[in-house]
Amino acid sequence: KHKKVDDAEAEPTEDPLIEFRSMLTVGISANQWIKGSSKTQLMFVASQWDALLVKPPSKKVKKGERIMIRDIDKIVKGHGEDHMKKNTFGKPTAKANANTCLRILSRPKAGDEARDLLCLSFQNGDNCDLWFKALSRLVQTSKLWSHRLQKG
């Protein structure tokens, strides 16, 4: 199905997002963490397949946060800075279990460090693993075969 070329993965003949496309467009309810506090958000891929959208689940709210897929470097499991609540005494702590958390990291510009674009937690580890795979594949497709994002 896939031919391996050196270190890079060969472009798949079928849609590289075939197993994730419908779940990415439907989206998932997840907790977005900012400075140790969470709010429930709906996360899904924009219809043009160029951005991740994060918005409140209410139907009344039309606008949300747009994170361009090309700005994402990688998806990392575990706690990010925004999962953590700073404590007056002692180390920062996180309310969410690390095995349900994902960090969406920026693609750093020269001289900069990668930073968290989004810190999320999911209902359970299985959802987290599934979205880790889906988002990682989305980022890989964007980097290697961006012409395949929209149509497969």
# chains A, B, ... in the order shown; residues from 1 in each chain; ligands from 1
>>> select_by_dssp(residues="region 12-88 of chain A", states="strand (DSSP E)", output="PyMOL selection string")
chain A and resi 28-34+37-45+51-55+65-68+72-77+84-85
>>> write_last_selection(atoms="C-alpha atoms", output="PDB file, in the first residue's frame")
ATOM      1  CA  ILE A  28     -15.433  16.526  18.988  1.00  0.00           C
ATOM      2  CA  SER A  29     -16.310  18.216  22.223  1.00  0.00           C
ATOM      3  CA  ALA A  30     -13.117  18.717  24.202  1.00  0.00           C
ATOM      4  CA  ASN A  31     -11.875  20.892  27.046  1.00  0.00           C
ATOM      5  CA  GLN A  32      -9.636  23.775  26.057  1.00  0.00           C
ATOM      6  CA  TRP A  33      -7.249  24.736  28.862  1.00  0.00           C
ATOM      7  CA  ILE A  34      -5.970  28.245  29.477  1.00  0.00           C
ATOM      8  CA  SER A  37      -8.901  26.539  33.710  1.00  0.00           C
ATOM      9  CA  SER A  38     -10.936  24.686  31.137  1.00  0.00           C
ATOM     10  CA  LYS A  39     -13.941  25.408  28.995  1.00  0.00           C
ATOM     11  CA  THR A  40     -15.844  23.005  26.777  1.00  0.00           C
ATOM     12  CA  GLN A  41     -15.255  23.671  23.103  1.00  0.00           C
ATOM     13  CA  LEU A  42     -16.141  22.015  19.836  1.00  0.00           C
ATOM     14  CA  MET A  43     -13.089  21.343  17.676  1.00  0.00           C
ATOM     15  CA  PHE A  44     -13.304  20.450  13.982  1.00  0.00           C
ATOM     16  CA  VAL A  45     -11.608  21.066  10.635  1.00  0.00           C
ATOM     17  CA  ALA A  51      -7.608  25.322   9.630  1.00  0.00           C
ATOM     18  CA  LEU A  52      -8.718  23.761  12.910  1.00  0.00           C
ATOM     19  CA  LEU A  53     -11.691  25.600  14.371  1.00  0.00           C
ATOM     20  CA  VAL A  54     -12.358  25.753  18.091  1.00  0.00           C
ATOM     21  CA  LYS A  55     -15.623  27.298  19.226  1.00  0.00           C
ATOM     22  CA  GLU A  65     -10.728  30.452  17.147  1.00  0.00           C
ATOM     23  CA  ARG A  66      -9.036  29.520  13.864  1.00  0.00           C
ATOM     24  CA  ILE A  67      -5.698  27.724  13.965  1.00  0.00           C
ATOM     25  CA  MET A  68      -4.131  27.406  10.534  1.00  0.00           C
ATOM     26  CA  ILE A  72       1.022  23.472  13.431  1.00  0.00           C
ATOM     27  CA  ASP A  73       4.282  21.595  13.814  1.00  0.00           C
ATOM     28  CA  LYS A  74       3.171  18.568  15.788  1.00  0.00           C
ATOM     29  CA  ILE A  75       0.737  17.063  18.245  1.00  0.00           C
ATOM     30  CA  VAL A  76       2.148  15.952  21.591  1.00  0.00           C
ATOM     31  CA  LYS A  77       0.468  13.831  24.266  1.00  0.00           C
ATOM     32  CA  MET A  84      -1.279  23.720  34.619  1.00  0.00           C
ATOM     33  CA  LYS A  85      -2.642  25.879  37.379  1.00  0.00           C
TER      34      LYS A  85
END
>>> residues_around(residues="Arg107 (chain A)", least_positions_apart="3", cutoff="10 Å", atoms="only C-alpha atoms", output="PyMOL selection string")
chain A and resi 69-74+104+110+112-117
>>> write_last_selection(atoms="N, CA and C atoms", output="PDB file, in the first residue's frame")
ATOM      1  N   ILE A  69      -3.684  25.127   9.829  1.00  0.00           N
ATOM      2  CA  ILE A  69      -2.999  23.827   9.890  1.00  0.00           C
ATOM      3  C   ILE A  69      -1.523  23.988   9.536  1.00  0.00           C
ATOM      4  N   ARG A  70      -1.213  24.882   8.614  1.00  0.00           N
ATOM      5  CA  ARG A  70       0.199  25.050   8.218  1.00  0.00           C
ATOM      6  C   ARG A  70       1.053  25.625   9.357  1.00  0.00           C
ATOM      7  N   ASP A  71       0.407  26.234  10.375  1.00  0.00           N
ATOM      8  CA  ASP A  71       1.145  26.771  11.522  1.00  0.00           C
ATOM      9  C   ASP A  71       1.428  25.719  12.589  1.00  0.00           C
ATOM     10  N   ILE A  72       0.841  24.533  12.434  1.00  0.00           N
ATOM     11  CA  ILE A  72       1.022  23.472  13.431  1.00  0.00           C
ATOM     12  C   ILE A  72       2.239  22.634  13.070  1.00  0.00           C
ATOM     13  N   ASP A  73       3.109  22.433  14.052  1.00  0.00           N
ATOM     14  CA  ASP A  73       4.282  21.595  13.814  1.00  0.00           C
ATOM     15  C   ASP A  73       4.005  20.152  14.184  1.00  0.00           C
ATOM     16  N   LYS A  74       3.453  19.943  15.383  1.00  0.00           N
ATOM     17  CA  LYS A  74       3.171  18.568  15.788  1.00  0.00           C
ATOM     18  C   LYS A  74       2.178  18.533  16.936  1.00  0.00           C
ATOM     19  N   ILE A 104      -1.155  21.036  20.989  1.00  0.00           N
ATOM     20  CA  ILE A 104      -0.955  21.316  19.572  1.00  0.00           C
ATOM     21  C   ILE A 104       0.132  22.373  19.504  1.00  0.00           C
ATOM     22  N   ALA A 110      12.538  30.717  12.808  1.00  0.00           N
ATOM     23  CA  ALA A 110      13.960  30.668  13.154  1.00  0.00           C
ATOM     24  C   ALA A 110      14.226  31.440  14.446  1.00  0.00           C
ATOM     25  N   ASP A 112      13.006  30.965  17.335  1.00  0.00           N
ATOM     26  CA  ASP A 112      11.924  30.866  18.322  1.00  0.00           C
ATOM     27  C   ASP A 112      11.774  29.433  18.809  1.00  0.00           C
ATOM     28  N   GLU A 113      11.124  29.289  19.943  1.00  0.00           N
ATOM     29  CA  GLU A 113      10.788  27.958  20.460  1.00  0.00           C
ATOM     30  C   GLU A 113       9.362  27.635  19.993  1.00  0.00           C
ATOM     31  N   ALA A 114       9.094  26.340  19.850  1.00  0.00           N
ATOM     32  CA  ALA A 114       7.717  25.939  19.563  1.00  0.00           C
ATOM     33  C   ALA A 114       6.882  26.296  20.787  1.00  0.00           C
ATOM     34  N   ARG A 115       5.637  26.701  20.538  1.00  0.00           N
ATOM     35  CA  ARG A 115       4.776  27.005  21.684  1.00  0.00           C
ATOM     36  C   ARG A 115       3.444  26.284  21.509  1.00  0.00           C
ATOM     37  N   ASP A 116       2.719  26.146  22.618  1.00  0.00           N
ATOM     38  CA  ASP A 116       1.409  25.505  22.558  1.00  0.00           C
ATOM     39  C   ASP A 116       0.412  26.446  21.895  1.00  0.00           C
ATOM     40  N   LEU A 117      -0.201  25.992  20.807  1.00  0.00           N
ATOM     41  CA  LEU A 117      -1.284  26.748  20.182  1.00  0.00           C
ATOM     42  C   LEU A 117      -2.594  26.420  20.888  1.00  0.00           C
TER      43      LEU A 117
END
>>> residues_around(residues="region 16-25 of chain A", least_positions_apart="2", cutoff="7 Å", atoms="only C-alpha atoms", output="PyMOL selection string")
chain A and resi 12+14+27+44-45+134+137-138+141+152
>>> decode(residues="region 55-66 of chain A", atoms="all heavy atoms", output="PDB file, in the first residue's frame")
ATOM      1  N   LYS A  55     -14.586  26.327  18.865  1.00  0.00           N
ATOM      2  CA  LYS A  55     -15.623  27.298  19.226  1.00  0.00           C
ATOM      3  C   LYS A  55     -16.507  26.731  20.331  1.00  0.00           C
ATOM      4  O   LYS A  55     -16.579  25.524  20.513  1.00  0.00           O
ATOM      5  CB  LYS A  55     -16.445  27.686  18.001  1.00  0.00           C
ATOM      6  CG  LYS A  55     -17.335  26.601  17.430  1.00  0.00           C
ATOM      7  CD  LYS A  55     -18.166  27.146  16.298  1.00  0.00           C
ATOM      8  CE  LYS A  55     -19.594  26.718  16.265  1.00  0.00           C
ATOM      9  NZ  LYS A  55     -20.439  26.768  17.425  1.00  0.00           N
ATOM     10  N   PRO A  56     -17.198  27.624  21.036  1.00  0.00           N
ATOM     11  CA  PRO A  56     -18.134  27.139  22.057  1.00  0.00           C
ATOM     12  C   PRO A  56     -19.199  26.253  21.408  1.00  0.00           C
ATOM     13  O   PRO A  56     -19.580  26.486  20.256  1.00  0.00           O
ATOM     14  CB  PRO A  56     -18.749  28.423  22.624  1.00  0.00           C
ATOM     15  CG  PRO A  56     -17.770  29.499  22.291  1.00  0.00           C
ATOM     16  CD  PRO A  56     -17.131  29.078  21.000  1.00  0.00           C
ATOM     17  N   PRO A  57     -19.679  25.228  22.130  1.00  0.00           N
ATOM     18  CA  PRO A  57     -20.633  24.282  21.524  1.00  0.00           C
ATOM     19  C   PRO A  57     -21.997  24.895  21.195  1.00  0.00           C
ATOM     20  O   PRO A  57     -22.755  24.324  20.434  1.00  0.00           O
ATOM     21  CB  PRO A  57     -20.775  23.177  22.570  1.00  0.00           C
ATOM     22  CG  PRO A  57     -20.144  23.678  23.813  1.00  0.00           C
ATOM     23  CD  PRO A  57     -19.281  24.839  23.487  1.00  0.00           C
ATOM     24  N   SER A  58     -22.314  26.080  21.731  1.00  0.00           N
ATOM     25  CA  SER A  58     -23.611  26.706  21.495  1.00  0.00           C
ATOM     26  C   SER A  58     -23.824  27.013  20.014  1.00  0.00           C
ATOM     27  O   SER A  58     -22.933  27.529  19.342  1.00  0.00           O
ATOM     28  CB  SER A  58     -23.699  28.003  22.309  1.00  0.00           C
ATOM     29  OG  SER A  58     -24.678  28.844  21.764  1.00  0.00           O
ATOM     30  N   LYS A  59     -25.015  26.703  19.535  1.00  0.00           N
ATOM     31  CA  LYS A  59     -25.349  26.973  18.121  1.00  0.00           C
ATOM     32  C   LYS A  59     -25.403  28.478  17.847  1.00  0.00           C
ATOM     33  O   LYS A  59     -25.249  28.936  16.730  1.00  0.00           O
ATOM     34  CB  LYS A  59     -26.703  26.348  17.769  1.00  0.00           C
ATOM     35  CG  LYS A  59     -26.704  24.831  17.803  1.00  0.00           C
ATOM     36  CD  LYS A  59     -26.935  24.265  16.433  1.00  0.00           C
ATOM     37  CE  LYS A  59     -27.109  22.772  16.433  1.00  0.00           C
ATOM     38  NZ  LYS A  59     -25.919  21.990  16.551  1.00  0.00           N
ATOM     39  N   LYS A  60     -25.631  29.275  18.900  1.00  0.00           N
ATOM     40  CA  LYS A  60     -25.731  30.730  18.735  1.00  0.00           C
ATOM     41  C   LYS A  60     -24.385  31.351  18.367  1.00  0.00           C
ATOM     42  O   LYS A  60     -24.328  32.369  17.709  1.00  0.00           O
ATOM     43  CB  LYS A  60     -26.231  31.372  20.029  1.00  0.00           C
ATOM     44  CG  LYS A  60     -27.674  31.048  20.338  1.00  0.00           C
ATOM     45  CD  LYS A  60     -28.161  31.840  21.536  1.00  0.00           C
ATOM     46  CE  LYS A  60     -29.587  31.491  21.862  1.00  0.00           C
ATOM     47  NZ  LYS A  60     -29.725  30.768  23.118  1.00  0.00           N
ATOM     48  N   VAL A  61     -23.297  30.705  18.827  1.00  0.00           N
ATOM     49  CA  VAL A  61     -21.969  31.278  18.586  1.00  0.00           C
ATOM     50  C   VAL A  61     -21.471  30.803  17.222  1.00  0.00           C
ATOM     51  O   VAL A  61     -21.275  29.616  17.009  1.00  0.00           O
ATOM     52  CB  VAL A  61     -20.964  30.871  19.698  1.00  0.00           C
ATOM     53  CG1 VAL A  61     -19.603  31.494  19.438  1.00  0.00           C
ATOM     54  CG2 VAL A  61     -21.488  31.284  21.059  1.00  0.00           C
ATOM     55  N   LYS A  62     -21.314  31.738  16.309  1.00  0.00           N
ATOM     56  CA  LYS A  62     -20.889  31.385  14.952  1.00  0.00           C
ATOM     57  C   LYS A  62     -19.364  31.402  14.821  1.00  0.00           C
ATOM     58  O   LYS A  62     -18.789  30.611  14.102  1.00  0.00           O
ATOM     59  CB  LYS A  62     -21.484  32.363  13.928  1.00  0.00           C
ATOM     60  CG  LYS A  62     -22.986  32.300  13.840  1.00  0.00           C
ATOM     61  CD  LYS A  62     -23.459  31.040  13.148  1.00  0.00           C
ATOM     62  CE  LYS A  62     -24.958  30.958  13.048  1.00  0.00           C
ATOM     63  NZ  LYS A  62     -25.554  29.852  13.766  1.00  0.00           N
ATOM     64  N   LYS A  63     -18.725  32.346  15.501  1.00  0.00           N
ATOM     65  CA  LYS A  63     -17.276  32.502  15.333  1.00  0.00           C
ATOM     66  C   LYS A  63     -16.512  31.714  16.388  1.00  0.00           C
ATOM     67  O   LYS A  63     -16.967  31.556  17.505  1.00  0.00           O
ATOM     68  CB  LYS A  63     -16.898  33.977  15.440  1.00  0.00           C
ATOM     69  CG  LYS A  63     -17.226  34.767  14.192  1.00  0.00           C
ATOM     70  CD  LYS A  63     -16.351  36.005  14.088  1.00  0.00           C
ATOM     71  CE  LYS A  63     -16.413  36.615  12.714  1.00  0.00           C
ATOM     72  NZ  LYS A  63     -17.602  37.393  12.466  1.00  0.00           N
ATOM     73  N   GLY A  64     -15.337  31.284  16.003  1.00  0.00           N
ATOM     74  CA  GLY A  64     -14.474  30.587  16.940  1.00  0.00           C
ATOM     75  C   GLY A  64     -13.028  30.944  16.665  1.00  0.00           C
ATOM     76  O   GLY A  64     -12.731  31.813  15.857  1.00  0.00           O
ATOM     77  N   GLU A  65     -12.156  30.241  17.340  1.00  0.00           N
ATOM     78  CA  GLU A  65     -10.728  30.452  17.147  1.00  0.00           C
ATOM     79  C   GLU A  65     -10.293  29.614  15.950  1.00  0.00           C
ATOM     80  O   GLU A  65     -10.682  28.460  15.819  1.00  0.00           O
ATOM     81  CB  GLU A  65     -10.021  29.972  18.427  1.00  0.00           C
ATOM     82  CG  GLU A  65      -8.587  30.358  18.539  1.00  0.00           C
ATOM     83  CD  GLU A  65      -7.969  29.835  19.840  1.00  0.00           C
ATOM     84  OE1 GLU A  65      -8.710  29.513  20.793  1.00  0.00           O
ATOM     85  OE2 GLU A  65      -6.743  29.745  19.874  1.00  0.00           O
ATOM     86  N   ARG A  66      -9.500  30.214  15.073  1.00  0.00           N
ATOM     87  CA  ARG A  66      -9.036  29.520  13.864  1.00  0.00           C
ATOM     88  C   ARG A  66      -7.533  29.301  13.993  1.00  0.00           C
ATOM     89  O   ARG A  66      -6.783  30.251  14.166  1.00  0.00           O
ATOM     90  CB  ARG A  66      -9.367  30.399  12.657  1.00  0.00           C
ATOM     91  CG  ARG A  66      -8.870  29.885  11.327  1.00  0.00           C
ATOM     92  CD  ARG A  66      -9.271  30.856  10.229  1.00  0.00           C
ATOM     93  NE  ARG A  66     -10.685  30.729   9.920  1.00  0.00           N
ATOM     94  CZ  ARG A  66     -11.157  29.892   8.992  1.00  0.00           C
ATOM     95  NH1 ARG A  66     -10.357  29.152   8.278  1.00  0.00           N
ATOM     96  NH2 ARG A  66     -12.450  29.829   8.765  1.00  0.00           N
TER      97      ARG A  66
END
